[in-house]
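A.B. asks: What follows is a structure written as structure tokens; I'll ask about it next.
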Protein chains: 2
Amino acid sequence: MAQLPTVEDVARVANVSRQTVSNVLNSPEIVKPGTRERVESAIAELGYRPHASARRLRTRQSSTIGIRLDPVVNGISGSILDRYLHALTEQAAQRGMRIMLFTATDPVDEIEQYRNLRDGADVDAFVVTATRYEDPRIEWLIRERVPFVAFGRPWGEDLDSADRLWVDVDGYAGTYEATRHLIGRGLQRIGYLGWPEGSGTGDERRKGWAAAMTEEFGLDAAALDALTHRTEEGVPHARRIVEELFAGEHGLDALVCVSDSLALGAMMAVNEAGQKKFPVIGFDNTPVAQAVGLSSVEQRLDLVASATLELLMGATGRRVLPHGEPASSETHRLVTPKLVVRRSSHLAPVEE
Amino acid sequence: MAQLPTVEDVARVANVSRQTVSNVLNSPEIVKPGTRERVESAIAELGYRPHASARRLRTRQSSTIGIRLDPVVNGISGSILDRYLHALTEQAAQRGMRIMLFTATDPVDEIEQYRNLRDGADVDAFVVTATRYEDPRIEWLIRERVPFVAFGRPWGEDLDSADRLWVDVDGYAGTYEATRHLIGRGLQRIGYLGWPEGSGTGDERRKGWAAAMTEEFGLDAAALDALTHRTEEGVPHARRIVEELFAGEHGLDALVCVSDSLALGAMMAVNEAGQKKFPVIGFDNTPVAQAVGLSSVEQRLDLVASATLELLMGATGRRVLPHGEPASSETHRLVTPKLVVRRSSHLAPVEE
């Protein structure tokens, strides 16, 4: 940036060394009063403002949180992390914090980015997304004692480890509520349209549906399997599978879906089949769900963002707490999502 | 961050002052060789790495570009800036640059954020989005000689001012291509569904449609007005207006729309009316357009992002150029969008 007064300018005007200016700024008690006044006059005269980089250098605090931005995604659920990023940026600003974005090609590269940003004191902490089993990024952050919060629980590991702060959305609670909503409308043969087995997030969402169905109708595993249909993420995949279902004797009354993409594909097949009373519910409450009138489970990313900051900085704090010194005994937060009811779940046999 | 060696640690181990360590790092030629070796040994022994903040302080370069992130938006077109942000972050990384996000409640607050980030040398340049007539943010940036690029042309002002670098998408070219595409399919009564008059972006998009219609069919202003329908942005608004059109004698063969939101609402009304052969084309090529098979004009945000960086940093540069020293005589770039053809524009009377 051009034409800002520097420490050198102050030193020249006050006729002292740079070090003396630095001492006046950082340790005024060691500077003789007369010299101090001269430097302070020069600072006022020039309108010099201590440099944020210099402050960071002294305090080793950058008031910045780093987060990797994923490559451009085209799926309709891809906007979840963008919406989280918006909420995080807004809430961080209220605590005087900013967000630094970077990219990485793979976990090894991401760790290299962590190292650069850590070594440069460019960030005080990281938010880690898209976590997986035995995540090398998490292992590095813990080993290096770098403050971080994971968005995504440590599937299959110690959920209560004090080393690992995390926030997540309770997918189980979301599909449970969606299924209960349909049961409350008098529906019985409520199917589940999900991803292939083995995704922590997907498996958890199916469990919520299964719990409600078992609780209400006493279904066993075989009966639940018979009501479960699976496909890869993507509108056309879901559309095809539901078209095939409707071509045969499906016996279904409604579908709870693991994502809005699958729900949208299902809705399109339902409309084409002329099925006027077949409710579909999605998950993520994406803008497209709102646009087409699809009931969907809202992740409440504002609460996820506030939980992230509370774990990193305490309830009202304005600086990141050191690794291993959590604000409280709380090491994680599971946010309960909520069902947003729209036209697509009013298509039930029980008219209101 | 914890436990990184500091300048003080190096000074203690080498038994010199902090200033001497700083001199070895920044001006080694002024340090006596014996002292220099002692300091260099201490640096190696401790694994001290010069602090990025210190480097920034010396160079006054932060390798960071600042951009305001808008509040969470729920419209389906709201993801345009997010997709630009993804492309910008990825391409900036290839030049060793990072992106700093911040929020602002209004233009005055945004200028205050600019000032803080500028004074702190936290960023080297800004990207300004959502520009408007007589934008106070632009005026401030020019006055303070802060490097910036605007995403959005300076409507009504000097497009070629060397003070004001900008990139934009050529909306005129986009709707022109969409309209030409429909004309090529043998359609004649091609309507335009747009926003209320007075939006620079919206007015420009209508002009592209009008140019193609005038060129092909010799329509005058009155005939163009008769084919134009306007509504606020939003799926339900568009749905309602097209439902009303279909309830009467609309005489339309197809619709070119100013946004995917309006196009999606139009598509829903078209489907409900059982109009199997009524093409609709949107603008923005949002994920929802892809999901529902809507033809749409793609903004090519990857080209917008590369143009942003080329204007700020030159064709291959790795640092932001000072204000008023552009990389070339190029002060702006108008990116030509391209039509993505999907099912919604294959619904033409000419069967293939």
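Just remember, in the structure tokens the first chain shown is A, the second B, etc., residues are 1-based per chain, and ligands are 1-based in the order shown.
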I'd like the contact shell of Ser161 of chain B - 12 Å cut-off, only C-alpha atoms, skipping same-chain residues fewer than 3 positions apart - returned as an NGL selection string.

C.D. replies: :B and (142 or 153-154 or 157-158 or 164-166 or 324 or 326 or 329-332)

A.B. asks: Keeping only N, CA and C atoms, write the selected residues as a PDB file, in the first residue's frame.

C.D. replies:
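Result went into out_6.pdb, see below:
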ATOM      1  N   ILE B 142     -10.076   4.761  -4.870  1.00  0.00           N
ATOM      2  CA  ILE B 142      -9.316   5.545  -5.846  1.00  0.00           C
ATOM      3  C   ILE B 142      -8.570   6.673  -5.138  1.00  0.00           C
ATOM      4  N   ARG B 153     -19.210  -3.663 -13.967  1.00  0.00           N
ATOM      5  CA  ARG B 153     -18.693  -2.473 -14.651  1.00  0.00           C
ATOM      6  C   ARG B 153     -19.275  -1.208 -14.042  1.00  0.00           C
ATOM      7  N   PRO B 154     -18.602  -0.066 -14.246  1.00  0.00           N
ATOM      8  CA  PRO B 154     -19.084   1.202 -13.676  1.00  0.00           C
ATOM      9  C   PRO B 154     -20.206   1.777 -14.526  1.00  0.00           C
ATOM     10  N   GLU B 157     -20.631   5.424 -15.953  1.00  0.00           N
ATOM     11  CA  GLU B 157     -19.430   6.226 -15.764  1.00  0.00           C
ATOM     12  C   GLU B 157     -18.418   5.887 -16.857  1.00  0.00           C
ATOM     13  N   ASP B 158     -17.228   6.446 -16.733  1.00  0.00           N
ATOM     14  CA  ASP B 158     -16.205   6.245 -17.758  1.00  0.00           C
ATOM     15  C   ASP B 158     -15.698   4.803 -17.708  1.00  0.00           C
ATOM     16  N   ARG B 164      -9.752   2.820 -12.568  1.00  0.00           N
ATOM     17  CA  ARG B 164     -10.761   1.881 -12.124  1.00  0.00           C
ATOM     18  C   ARG B 164     -10.686   0.609 -12.947  1.00  0.00           C
ATOM     19  N   LEU B 165     -10.037  -0.402 -12.409  1.00  0.00           N
ATOM     20  CA  LEU B 165      -9.966  -1.697 -13.072  1.00  0.00           C
ATOM     21  C   LEU B 165     -11.261  -2.462 -12.794  1.00  0.00           C
ATOM     22  N   TRP B 166     -11.814  -3.080 -13.801  1.00  0.00           N
ATOM     23  CA  TRP B 166     -13.036  -3.855 -13.564  1.00  0.00           C
ATOM     24  C   TRP B 166     -13.133  -5.058 -14.491  1.00  0.00           C
ATOM     25  N   GLY B 324      -2.572   2.570 -10.149  1.00  0.00           N
ATOM     26  CA  GLY B 324      -2.132   3.489 -11.188  1.00  0.00           C
ATOM     27  C   GLY B 324      -0.967   2.969 -12.015  1.00  0.00           C
ATOM     28  N   PRO B 326      -0.938  -0.120 -14.002  1.00  0.00           N
ATOM     29  CA  PRO B 326      -1.531  -1.365 -14.500  1.00  0.00           C
ATOM     30  C   PRO B 326      -0.502  -2.197 -15.269  1.00  0.00           C
ATOM     31  N   SER B 329      -2.065  -1.784 -20.910  1.00  0.00           N
ATOM     32  CA  SER B 329      -3.056  -0.748 -21.144  1.00  0.00           C
ATOM     33  C   SER B 329      -4.465  -1.275 -20.839  1.00  0.00           C
ATOM     34  N   GLU B 330      -4.553  -2.553 -20.530  1.00  0.00           N
ATOM     35  CA  GLU B 330      -5.863  -3.146 -20.273  1.00  0.00           C
ATOM     36  C   GLU B 330      -6.364  -2.708 -18.892  1.00  0.00           C
ATOM     37  N   THR B 331      -7.515  -2.062 -18.861  1.00  0.00           N
ATOM     38  CA  THR B 331      -8.071  -1.628 -17.580  1.00  0.00           C
ATOM     39  C   THR B 331      -9.335  -2.389 -17.224  1.00  0.00           C
ATOM     40  N   HIS B 332      -9.843  -3.183 -18.164  1.00  0.00           N
ATOM     41  CA  HIS B 332     -11.023  -3.966 -17.832  1.00  0.00           C
ATOM     42  C   HIS B 332     -11.140  -5.172 -18.762  1.00  0.00           C
TER      43      HIS B 332
END

A.B. asks: Need to verify the contact set: segment 217-221 of chain A, 12 Å, only C-alpha atoms, exclusion of same-chain residues closer than 4 positions in sequence. Can you return it as a PyMOL selection string?

C.D. replies: chain A and resi 179-180+183+187-190+207+209-213+225-228

A.B. asks: Kindly export the residues of the current selection with N, CA and C atoms, as an mmCIF file, in the first residue's frame.

C.D. replies:
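Dumped to result_37.cif:
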data_model
loop_
_atom_site.group_PDB
_atom_site.id
_atom_site.type_symbol
_atom_site.label_atom_id
_atom_site.label_comp_id
_atom_site.auth_asym_id
_atom_site.auth_seq_id
_atom_site.Cartn_x
_atom_site.Cartn_y
_atom_site.Cartn_z
ATOM 1 N N THR A 179 -39.366 -38.342 9.654
ATOM 2 C CA THR A 179 -40.161 -39.575 9.602
ATOM 3 C C THR A 179 -41.369 -39.466 10.537
ATOM 4 N N ARG A 180 -41.124 -38.930 11.739
ATOM 5 C CA ARG A 180 -42.212 -38.714 12.707
ATOM 6 C C ARG A 180 -43.291 -37.799 12.117
ATOM 7 N N ILE A 183 -45.332 -39.907 9.801
ATOM 8 C CA ILE A 183 -46.157 -40.820 10.605
ATOM 9 C C ILE A 183 -47.343 -40.065 11.181
ATOM 10 N N LEU A 187 -49.206 -41.742 7.540
ATOM 11 C CA LEU A 187 -48.520 -42.591 6.568
ATOM 12 C C LEU A 187 -47.819 -43.758 7.268
ATOM 13 N N GLN A 188 -47.714 -44.880 6.541
ATOM 14 C CA GLN A 188 -47.101 -46.064 7.152
ATOM 15 C C GLN A 188 -45.901 -46.581 6.377
ATOM 16 N N ARG A 189 -46.076 -46.764 5.059
ATOM 17 C CA ARG A 189 -45.000 -47.365 4.251
ATOM 18 C C ARG A 189 -44.049 -46.243 3.811
ATOM 19 N N ILE A 190 -43.299 -45.745 4.789
ATOM 20 C CA ILE A 190 -42.382 -44.627 4.528
ATOM 21 C C ILE A 190 -41.014 -45.199 4.179
ATOM 22 N N LYS A 207 -30.233 -44.194 10.346
ATOM 23 C CA LYS A 207 -30.589 -44.676 11.689
ATOM 24 C C LYS A 207 -31.752 -43.891 12.282
ATOM 25 N N TRP A 209 -34.267 -42.418 10.649
ATOM 26 C CA TRP A 209 -35.481 -42.924 9.989
ATOM 27 C C TRP A 209 -35.860 -44.294 10.572
ATOM 28 N N ALA A 210 -34.838 -45.190 10.677
ATOM 29 C CA ALA A 210 -35.096 -46.555 11.154
ATOM 30 C C ALA A 210 -35.646 -46.538 12.580
ATOM 31 N N ALA A 211 -35.111 -45.643 13.408
ATOM 32 C CA ALA A 211 -35.559 -45.590 14.806
ATOM 33 C C ALA A 211 -37.037 -45.222 14.880
ATOM 34 N N ALA A 212 -37.444 -44.229 14.098
ATOM 35 C CA ALA A 212 -38.851 -43.808 14.120
ATOM 36 C C ALA A 212 -39.758 -44.928 13.607
ATOM 37 N N MET A 213 -39.336 -45.607 12.550
ATOM 38 C CA MET A 213 -40.151 -46.676 11.958
ATOM 39 C C MET A 213 -40.278 -47.865 12.901
ATOM 40 N N ASP A 225 -34.796 -52.982 5.698
ATOM 41 C CA ASP A 225 -34.033 -53.122 4.450
ATOM 42 C C ASP A 225 -34.953 -53.086 3.225
ATOM 43 N N ALA A 226 -36.125 -53.728 3.378
ATOM 44 C CA ALA A 226 -37.057 -53.775 2.247
ATOM 45 C C ALA A 226 -37.559 -52.379 1.871
ATOM 46 N N LEU A 227 -37.571 -51.472 2.848
ATOM 47 C CA LEU A 227 -38.039 -50.099 2.596
ATOM 48 C C LEU A 227 -36.898 -49.158 2.196
ATOM 49 N N THR A 228 -35.667 -49.684 2.170
ATOM 50 C CA THR A 228 -34.490 -48.838 1.915
ATOM 51 C C THR A 228 -34.032 -48.958 0.466
#

A.B. asks: Run DSSP on the backbone and tell me which residues of segment 27-199 of chain B come out as alpha helix (DSSP H); list them as a PyMOL selection string.

C.D. replies: chain B and resi 33-46+52-59+79-93+107-119+136-143+171-184

A.B. asks: Skip segment 267-275 of chain B itself and residues of its chain fewer than 6 positions away, then list as a VMD selection string all residues within 8 Å of it, counting only C-alpha atoms.

C.D. replies: chain B and resid 239 to 240 242 to 243 246

A.B. asks: Where in segment 23-247 of chain A does DSSP assign strand (DSSP E), given as number ranges by chain?

C.D. replies: A: 64-68, 98-102, 125-128, 148-151, 165-169, 190-194, 228-230
